[in-house]
Structure formats: structure tokens, C-alpha cells
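Pasted below: protein.cif, mmCIF, C-alpha atoms.
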data_target
#
loop_
_atom_site.label_atom_id
_atom_site.label_comp_id
_atom_site.auth_asym_id
_atom_site.auth_seq_id
_atom_site.Cartn_x
_atom_site.Cartn_y
_atom_site.Cartn_z
CA MET A 1278 -163.61 -167.78 -203.83
CA LYS A 1279 -166.21 -165.06 -203.86
CA GLU A 1280 -166.12 -161.36 -204.61
CA VAL A 1281 -168.23 -159.37 -202.18
CA LEU A 1282 -169.18 -156.03 -203.73
CA ALA A 1283 -170.82 -153.66 -201.28
CA VAL A 1284 -172.20 -150.18 -202.01
CA ILE A 1285 -172.39 -148.21 -198.75
CA ARG A 1286 -172.81 -144.68 -197.39
CA MET A 1287 -169.78 -142.37 -197.65
CA ASN A 1288 -169.80 -141.53 -193.95
CA LYS A 1289 -169.79 -145.18 -192.85
CA MET A 1290 -166.46 -145.91 -194.51
CA ASN A 1291 -164.24 -145.53 -191.46
CA GLU A 1292 -166.46 -147.63 -189.21
CA THR A 1293 -166.68 -150.31 -191.89
CA LYS A 1294 -162.92 -150.42 -192.34
CA GLN A 1295 -162.45 -150.75 -188.59
CA ALA A 1296 -165.07 -153.48 -188.28
CA LEU A 1297 -163.64 -155.48 -191.20
CA VAL A 1298 -160.15 -155.41 -189.68
CA GLU A 1299 -161.56 -156.53 -186.32
CA ALA A 1300 -163.34 -159.38 -188.12
CA GLY A 1301 -160.01 -160.44 -189.64
CA ILE A 1302 -160.67 -159.22 -193.17
CA ALA A 1303 -157.98 -156.63 -193.73
CA SER A 1304 -157.64 -156.51 -197.50
CA PHE A 1305 -160.13 -154.78 -199.74
CA THR A 1306 -160.42 -152.23 -202.53
CA ALA A 1307 -162.65 -149.17 -202.32
CA ARG A 1308 -163.72 -146.47 -204.72
CA LYS A 1309 -166.12 -143.60 -205.03
CA VAL A 1310 -169.19 -144.22 -207.15
CA ILE A 1311 -172.50 -142.45 -207.69
CA GLY A 1312 -175.81 -144.14 -208.23
CA ARG A 1313 -179.46 -144.42 -207.43
CA GLY A 1314 -181.77 -146.96 -205.84
CA VAL A 1315 -185.33 -147.92 -206.61
CA GLY A 1316 -186.67 -144.33 -206.41
CA LYS A 1317 -187.84 -142.55 -209.57
CA VAL A 1318 -186.11 -139.48 -211.08
CA ASP A 1319 -187.54 -137.14 -213.74
CA TYR A 1320 -184.68 -136.36 -216.07
CA LEU A 1321 -186.16 -133.21 -217.60
CA LEU A 1322 -186.52 -131.72 -214.12
CA LEU A 1323 -183.04 -132.85 -213.16
CA LYS A 1324 -181.50 -131.14 -216.16
CA GLY A 1325 -183.48 -127.99 -215.39
CA ALA A 1326 -182.32 -128.05 -211.79
CA GLU A 1327 -178.71 -128.48 -212.85
CA ALA A 1328 -179.10 -125.45 -215.11
CA GLY A 1329 -180.33 -123.51 -212.06
CA HIS A 1330 -184.04 -122.99 -212.84
CA GLU A 1331 -185.89 -122.31 -209.57
CA GLU A 1332 -189.10 -123.94 -210.79
CA ALA A 1333 -187.37 -127.23 -211.59
CA ILE A 1334 -185.55 -127.28 -208.26
CA ASN A 1335 -188.82 -126.75 -206.37
CA GLN A 1336 -190.66 -129.42 -208.37
CA LEU A 1337 -187.83 -131.88 -207.98
CA GLY A 1338 -188.14 -131.72 -204.22
CA PRO A 1339 -186.10 -133.88 -201.87
CA GLY A 1340 -186.58 -137.06 -203.94
CA PRO A 1341 -183.81 -139.39 -205.06
CA LYS A 1342 -181.13 -138.25 -207.51
CA LEU A 1343 -177.73 -139.73 -208.26
CA ILE A 1344 -176.14 -140.04 -204.83
CA PRO A 1345 -172.43 -140.42 -204.00
CA LYS A 1346 -171.55 -143.77 -202.40
CA ARG A 1347 -168.51 -145.83 -201.58
CA MET A 1348 -168.03 -149.21 -203.21
CA LEU A 1349 -166.07 -151.92 -201.41
CA ILE A 1350 -164.64 -154.94 -203.20
CA VAL A 1351 -163.55 -157.81 -200.98
CA VAL A 1352 -162.35 -161.15 -202.35
CA VAL A 1353 -162.55 -163.95 -199.78
CA PRO A 1354 -162.81 -167.75 -199.58
CA ASP A 1355 -166.37 -169.13 -199.76
CA THR A 1356 -166.46 -169.89 -196.03
CA THR A 1357 -165.71 -166.28 -195.05
CA VAL A 1358 -168.54 -164.74 -197.09
CA PRO A 1359 -171.18 -164.86 -194.30
CA ARG A 1360 -168.75 -163.12 -191.90
CA VAL A 1361 -168.05 -160.31 -194.38
CA VAL A 1362 -171.74 -159.85 -195.18
CA SER A 1363 -172.85 -159.79 -191.55
CA THR A 1364 -170.03 -157.40 -190.58
CA ILE A 1365 -170.96 -154.94 -193.31
CA ILE A 1366 -174.67 -155.18 -192.52
CA ASP A 1367 -174.12 -154.72 -188.77
CA VAL A 1368 -172.08 -151.55 -189.23
CA ASN A 1369 -174.06 -149.95 -192.05
CA GLN A 1370 -177.62 -150.69 -191.05
CA THR A 1371 -179.55 -147.57 -190.06
CA GLY A 1372 -182.87 -148.93 -191.30
CA ASN A 1373 -183.39 -146.12 -193.81
CA PRO A 1374 -183.46 -146.46 -197.60
CA GLY A 1375 -180.01 -145.72 -198.98
CA ASP A 1376 -178.02 -147.94 -196.64
CA GLY A 1377 -176.76 -149.82 -199.67
CA LYS A 1378 -176.61 -153.21 -201.25
CA ILE A 1379 -174.24 -156.17 -201.09
CA PHE A 1380 -173.63 -158.42 -204.07
CA VAL A 1381 -171.79 -161.75 -203.86
CA MET A 1382 -170.23 -162.95 -207.10
CA PRO A 1383 -168.08 -165.95 -208.00
CA VAL A 1384 -164.37 -165.46 -208.77
CA SER A 1385 -162.70 -168.19 -210.82
CA GLU A 1386 -159.05 -167.39 -210.15
CA THR A 1387 -156.86 -165.22 -207.92
CA ILE A 1388 -153.16 -164.61 -208.46
CA ARG A 1389 -150.77 -162.74 -206.16
CA LEU A 1390 -148.45 -160.72 -208.37
CA ARG A 1391 -145.54 -160.61 -205.90
CA THR A 1392 -145.10 -164.39 -205.67
CA GLY A 1393 -147.24 -165.79 -208.47
CA GLU A 1394 -149.25 -167.82 -205.94
CA CYS A 1395 -152.67 -168.94 -207.15
CA ASP A 1396 -156.16 -169.10 -205.66
CA HIS A 1397 -156.42 -169.68 -201.91
CA ALA A 1398 -152.70 -169.22 -201.25
CA ALA A 1399 -153.01 -165.77 -202.83
CA LEU A 1400 -155.78 -164.66 -200.49
CA ASP A 1401 -155.09 -162.99 -197.19
CA GLU A 1402 -154.38 -165.70 -194.60
CA SER A 1403 -155.78 -163.54 -191.84
CA ALA A 1404 -159.21 -164.12 -193.36
CA ASP A 1405 -159.13 -167.83 -192.47
CA MET B 528 -179.54 -162.61 -210.40
CA ILE B 529 -176.96 -161.24 -212.84
CA MET B 530 -174.85 -158.11 -212.96
CA VAL B 531 -174.79 -156.05 -216.15
CA ARG B 532 -171.75 -153.84 -216.49
CA ALA B 533 -171.79 -151.42 -219.40
CA ILE B 534 -168.90 -149.21 -220.44
CA ILE B 535 -170.34 -146.32 -222.42
CA ARG B 536 -169.56 -142.85 -223.71
CA PRO B 537 -169.76 -140.20 -220.94
CA GLU B 538 -172.10 -138.03 -223.03
CA LYS B 539 -174.52 -140.95 -223.40
CA THR B 540 -174.77 -141.64 -219.65
CA ASP B 541 -177.82 -139.45 -219.08
CA ASP B 542 -179.65 -141.06 -222.01
CA VAL B 543 -178.91 -144.57 -220.78
CA LEU B 544 -179.88 -143.79 -217.18
CA ALA B 545 -183.13 -142.17 -218.35
CA ALA B 546 -183.92 -145.12 -220.63
CA LEU B 547 -183.32 -147.58 -217.79
CA MET B 548 -185.52 -145.53 -215.48
CA ASP B 549 -188.36 -145.47 -218.02
CA ALA B 550 -188.04 -149.21 -218.53
CA GLY B 551 -188.40 -149.85 -214.79
CA PHE B 552 -184.79 -150.41 -213.75
CA PRO B 553 -184.11 -147.45 -211.47
CA ALA B 554 -181.30 -148.94 -209.40
CA VAL B 555 -177.97 -148.20 -211.08
CA THR B 556 -174.43 -147.35 -209.95
CA LYS B 557 -171.94 -145.53 -212.17
CA MET B 558 -168.27 -144.62 -212.04
CA ASP B 559 -165.69 -142.88 -214.20
CA VAL B 560 -163.24 -145.20 -215.90
CA TYR B 561 -160.46 -144.85 -218.46
CA GLY B 562 -159.52 -147.43 -221.02
CA ARG B 563 -159.00 -148.45 -224.58
CA GLY B 564 -160.61 -150.92 -226.92
CA LYS B 565 -159.41 -153.13 -229.72
CA GLN B 566 -158.82 -150.09 -231.95
CA ARG B 567 -155.92 -149.40 -229.56
CA GLY B 568 -157.14 -146.01 -228.51
CA MET B 569 -157.57 -143.03 -230.80
CA LYS B 570 -154.98 -141.51 -233.11
CA ILE B 571 -155.30 -137.80 -233.77
CA GLY B 572 -152.46 -136.56 -235.95
CA GLU B 573 -149.23 -137.72 -234.35
CA VAL B 574 -150.67 -138.27 -230.90
CA THR B 575 -152.24 -141.57 -229.79
CA TYR B 576 -154.69 -141.43 -226.91
CA ASP B 577 -154.91 -144.87 -225.36
CA GLU B 578 -156.69 -143.93 -222.15
CA LEU B 579 -160.07 -142.67 -223.26
CA PRO B 580 -162.57 -141.47 -220.65
CA LYS B 581 -165.71 -143.63 -220.36
CA GLU B 582 -168.45 -144.20 -217.82
CA MET B 583 -169.09 -147.63 -216.37
CA ILE B 584 -172.65 -148.22 -215.22
CA PHE B 585 -173.70 -151.37 -213.48
CA THR B 586 -176.98 -152.80 -212.37
CA VAL B 587 -178.08 -156.11 -210.88
CA ILE B 588 -181.22 -157.64 -212.39
CA LYS B 589 -183.17 -160.87 -212.72
CA ASP B 590 -181.83 -163.42 -215.19
CA SER B 591 -185.02 -163.17 -217.22
CA ASP B 592 -184.62 -159.39 -217.71
CA LYS B 593 -181.18 -159.77 -219.26
CA ASP B 594 -182.06 -159.50 -222.95
CA TYR B 595 -184.43 -156.59 -222.33
CA VAL B 596 -181.90 -154.56 -220.33
CA VAL B 597 -179.12 -155.24 -222.83
CA LYS B 598 -181.41 -154.04 -225.64
CA ILE B 599 -182.29 -150.85 -223.75
CA ILE B 600 -178.66 -149.99 -223.02
CA MET B 601 -177.65 -150.86 -226.57
CA GLN B 602 -180.28 -148.56 -228.09
CA ALA B 603 -179.55 -145.65 -225.77
CA ALA B 604 -175.75 -145.85 -225.91
CA ARG B 605 -175.36 -146.19 -229.64
CA THR B 606 -174.27 -143.14 -231.69
CA GLY B 607 -176.33 -142.73 -234.82
CA VAL B 608 -178.30 -145.63 -236.23
CA LYS B 609 -175.44 -147.99 -236.97
CA GLY B 610 -173.20 -147.10 -234.03
CA ALA B 611 -169.53 -146.23 -234.13
CA TYR B 612 -166.22 -147.37 -232.65
CA GLY B 613 -166.03 -146.32 -229.02
CA ASP B 614 -169.70 -146.75 -228.18
CA GLY B 615 -168.68 -149.25 -225.53
CA LYS B 616 -169.15 -152.79 -224.32
CA ILE B 617 -171.60 -154.65 -222.10
CA PHE B 618 -170.42 -157.42 -219.77
CA ILE B 619 -172.70 -159.80 -217.90
CA SER B 620 -171.62 -161.81 -214.87
CA PRO B 621 -173.46 -164.03 -212.38
CA VAL B 622 -174.34 -162.79 -208.87
CA ASP B 623 -174.87 -165.48 -206.23
CA GLU B 624 -176.38 -163.47 -203.40
CA VAL B 625 -177.86 -159.99 -202.94
CA TYR B 626 -178.40 -158.33 -199.54
CA THR B 627 -180.13 -155.05 -198.74
CA VAL B 628 -178.27 -153.35 -195.91
CA SER B 629 -181.20 -151.29 -194.56
CA SER B 630 -183.35 -154.36 -193.92
CA GLY B 631 -180.51 -156.86 -193.60
CA ARG B 632 -182.54 -159.17 -195.83
CA LYS B 633 -181.27 -161.49 -198.51
CA GLU B 634 -183.00 -160.63 -201.77
CA THR B 635 -184.23 -163.17 -204.26
CA ALA B 636 -185.30 -162.82 -207.89
CA GLU B 637 -188.95 -162.72 -206.77
CA ASP B 638 -188.30 -159.62 -204.65
CA ALA B 639 -187.04 -157.73 -207.67
CA ALA B 640 -190.20 -158.36 -209.68
CA PRO B 641 -192.69 -156.01 -207.94
CA VAL B 642 -190.34 -153.04 -208.23
CA ALA B 643 -190.06 -153.31 -212.00
CA ALA B 644 -193.80 -153.90 -212.32
CA ALA B 645 -194.71 -150.93 -210.09
CA VAL B 646 -192.60 -148.46 -212.06
CA SER B 647 -193.81 -149.57 -215.48
CA ALA B 648 -197.46 -149.55 -214.34
#
I need this file expressed as C-alpha cells, please.
Amino acid sequence: MKEVLAVIRMNKMNETKQALVEAGIASFTARKVIGRGVGKVDYLLLKGAEAGHEEAINQLGPGPKLIPKRMLIVVVPDTTVPRVVSTIIDVNQTGNPGDGKIFVMPVSETIRLRTGECDHAALDESAD
Amino acid sequence: MIMVRAIIRPEKTDDVLAALMDAGFPAVTKMDVYGRGKQRGMKIGEVTYDELPKEMIFTVIKDSDKDYVVKIIMQAARTGVKGAYGDGKIFISPVDEVYTVSSGRKETAEDAAPVAAAVSA
């Protein structure tokens, strides 16, 4: 089993949900996060801008700050990982920086609380 | 690649993010979390608070940067010189694959290297 953790744009959430369901991956967890990418931020300026100093806001410009994003967590069998990744990339790709990142991590055990089923039996059958 | 998840004090978040930026690790995600540690929360008078607000920050880095990043977070997140209960925890887990959505490319550890080098230069 793998955990696919994707950080995507806020406004792509609905399309992503729709596309994942159409691809047969209905179950996932989402939450709001904020973060930054590989751009550089000057913290003194940022603090000044937050305090409302005009000079700092002007100097800061349109560069990267901490940006709100949505994080998706999908746990799927190993064989489904490429489908999840390609679905998320297809929907979210605009070609601009800030589209997000996808991380694939191993999961050692899954348990369904309702029945106590373990591992693959506990995962959504529709994903197979 | 590995993922470093650090649960830290909310008031230390800016320090940690700034320290990571200076060290050449700009890409970070953070979220608000609530939890307790092995001190079972905090007792003030008669009231026990067992859901303390913390910030979780996570970043994905090369395996070889692990010790360096952990040291940076540790230094920035610690209160005082010796630290105190509630300063937080750092968890490290493996990441098999990393994709960048904008390019659709699968990243490797070698791709991460120039970014860190460019910022520190």
C-alpha cells in the first residue's frame, strides 16, 4: 500500500475530486494547509508588511509568501499509484509554478475500524 | 527522498521557517494541529489542557540532508538553551516518489541538489 500525498491549488479541488471519482478512487482525506515552494522570502520584509508598513509592502513585491493550498491524502494499493498520480497531474497541471507537488510514501498497515479488516481488504474495493 | 515532519510551538514557526529558508530549504508546508505529549498535556491549577495548539511543518528533502535539516529545526524550535517540555517532536519517514505537477515530471534526489546550492550561494 502507498500513501499519495498531494499539495494542490485551492481552486482545483472540485475538479480533482470529480476526476478521482471518475478514475475509481473515491476515498481520500483533504485539509487546508499553507506553505511555500522554492522561491525566496525575506522575513524582515514580511513582518513589516504584516504590520502594514507601505515601504515593506512595496519592496516585498509580488514574490512568493506562504500560500494557502489544499492537501490530499489518498491511500491505495501499489498498483493504483500511477493512476492516482496521473489523474492528479492531468487535472492540476497549468504549467505555472505553484501547481503543487505529489509525494508517494509507503504505508505498512491499514485497518478498517468498522469491521477490523486489515490491509488490502480495508482499502476501497472500487480502487481495484 | 525523505519527509521531515516537525511539530513545533506556534510562536516558533516564523523562526523555523526563516532558518530553513536561510539554510537553502525554501519549500515547506505547514498546518495547525492540536495534540498532547507524554507529559499528558498541561495542568494549570485544577484544569488539564490535553489538546495543546501546535504547528506541524513538513518538508521533503534528500536523504543526505537529513541530519542538517534536523539540526536547523532543532536549534530554531528550542526555547532557551536547554529547551523545555512542549518544544515539539520531529518525525522522519521515507518518500518513494516525488512529482511536480506543473511540469508533470518525476523528481529525483539529483534534481533537488541545484536548488539548495543556488540559494546558499
Determine, using all atoms listed in the file, which residues of chain B have any atom at most 6 Å from an atom of chain A, and tabulate each with its shortest atom pair and distance in Å to one decimal place, rows ordered by chain and then rising number, as a Markdown table.
| residue | atom | partner | partner_atom | distance |
| --- | --- | --- | --- | --- |
| B:Pro553 | CA | A:Val1315 | CA | 5.0 |
| B:Ala554 | CA | A:Gly1314 | CA | 4.1 |
| B:Val555 | CA | A:Gly1312 | CA | 5.4 |
| B:Thr556 | CA | A:Gly1312 | CA | 3.9 |
| B:Lys557 | CA | A:Ile1311 | CA | 5.5 |
| B:Met558 | CA | A:Val1310 | CA | 5.0 |
| B:Val622 | CA | A:Met1382 | CA | 4.5 |
| B:Asp623 | CA | A:Met1382 | CA | 5.4 |
| B:Glu624 | CA | A:Val1381 | CA | 4.9 |
| B:Val625 | CA | A:Phe1380 | CA | 4.7 |
| B:Tyr626 | CA | A:Ile1379 | CA | 4.9 |
| B:Thr627 | CA | A:Lys1378 | CA | 4.7 |
| B:Val628 | CA | A:Ile1366 | CA | 5.3 |
| B:Ser629 | CA | A:Gly1372 | CA | 4.4 |
Where does the PyMOL selection byres ((chain A and resi 1300) around 10) land in this file, that is, which residues does it pick, as a JSON list (two decimals) with C-alpha atoms, in the frame of the given file?
[["chain", "number", "residue", "atom", "x", "y", "z"],
["A", 1294, "LYS", "CA", -162.92, -150.42, -192.34],
["A", 1295, "GLN", "CA", -162.45, -150.75, -188.59],
["A", 1296, "ALA", "CA", -165.07, -153.48, -188.28],
["A", 1297, "LEU", "CA", -163.64, -155.48, -191.20],
["A", 1298, "VAL", "CA", -160.15, -155.41, -189.68],
["A", 1299, "GLU", "CA", -161.56, -156.53, -186.32],
["A", 1301, "GLY", "CA", -160.01, -160.44, -189.64],
["A", 1302, "ILE", "CA", -160.67, -159.22, -193.17],
["A", 1303, "ALA", "CA", -157.98, -156.63, -193.73],
["A", 1360, "ARG", "CA", -168.75, -163.12, -191.90],
["A", 1361, "VAL", "CA", -168.05, -160.31, -194.38],
["A", 1364, "THR", "CA", -170.03, -157.40, -190.58],
["A", 1403, "SER", "CA", -155.78, -163.54, -191.84],
["A", 1404, "ALA", "CA", -159.21, -164.12, -193.36]]
- Residue contacts of Tyr576 (chain B) (10 Å, all atoms listed in the file) excluding same-chain residues fewer than 3 positions away, as a PyMOL selection string: chain B and resi 562-563+567-571+573+579
- Query: To one decimal place, how far is CA of Val1353 (chain A) from CA of Thr1392 (chain A) in Å?
  - Reply: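 Spanning CA of Val1353 (chain A) to CA of Thr1392 (chain A) is a straight-line distance of 18.4 Å.
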- Task: One decimal, Å: what's the distance from CA of Ala533 (chain B) over to CA of Met601 (chain B), could you say?
- Result: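 Between CA of Ala533 (chain B) and CA of Met601 (chain B) the gap is 9.3 Å.
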- Task: Pick out the residues sitting within 12 Å of Lys565 (chain B), and hand them over as number ranges by chain; count all atoms listed in the file, and ignore anything fewer than 6 positions along from it in its own chain.
- Result: B: 577, 612-613, 615-616
Store the residues of this selection in a file with C-alpha atoms, as a short mmCIF file (atom, residue, chain, number, x, y, z; two decimals), keeping the file's coordinate frame.
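Result saved to again.cif:
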data_model
loop_
_atom_site.label_atom_id
_atom_site.label_comp_id
_atom_site.auth_asym_id
_atom_site.auth_seq_id
_atom_site.Cartn_x
_atom_site.Cartn_y
_atom_site.Cartn_z
CA ASP B 577 -154.91 -144.87 -225.36
CA TYR B 612 -166.22 -147.37 -232.65
CA GLY B 613 -166.03 -146.32 -229.02
CA GLY B 615 -168.68 -149.25 -225.53
CA LYS B 616 -169.15 -152.79 -224.32
#
- Atomic separation - CA of Ile599 (chain B) relative to CA of Phe618 (chain B), Å: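 About the pair CA of Phe618 (chain B) and CA of Ile599 (chain B): they are 14.1 Å apart.
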- Task: To verify the selection step, state as an MDAnalysis selection string which residues the PyMOL selection byres ((chain B and resi 587) around 7) yields on this input.
- Result: chainID B and resid 528:531 585:586 588
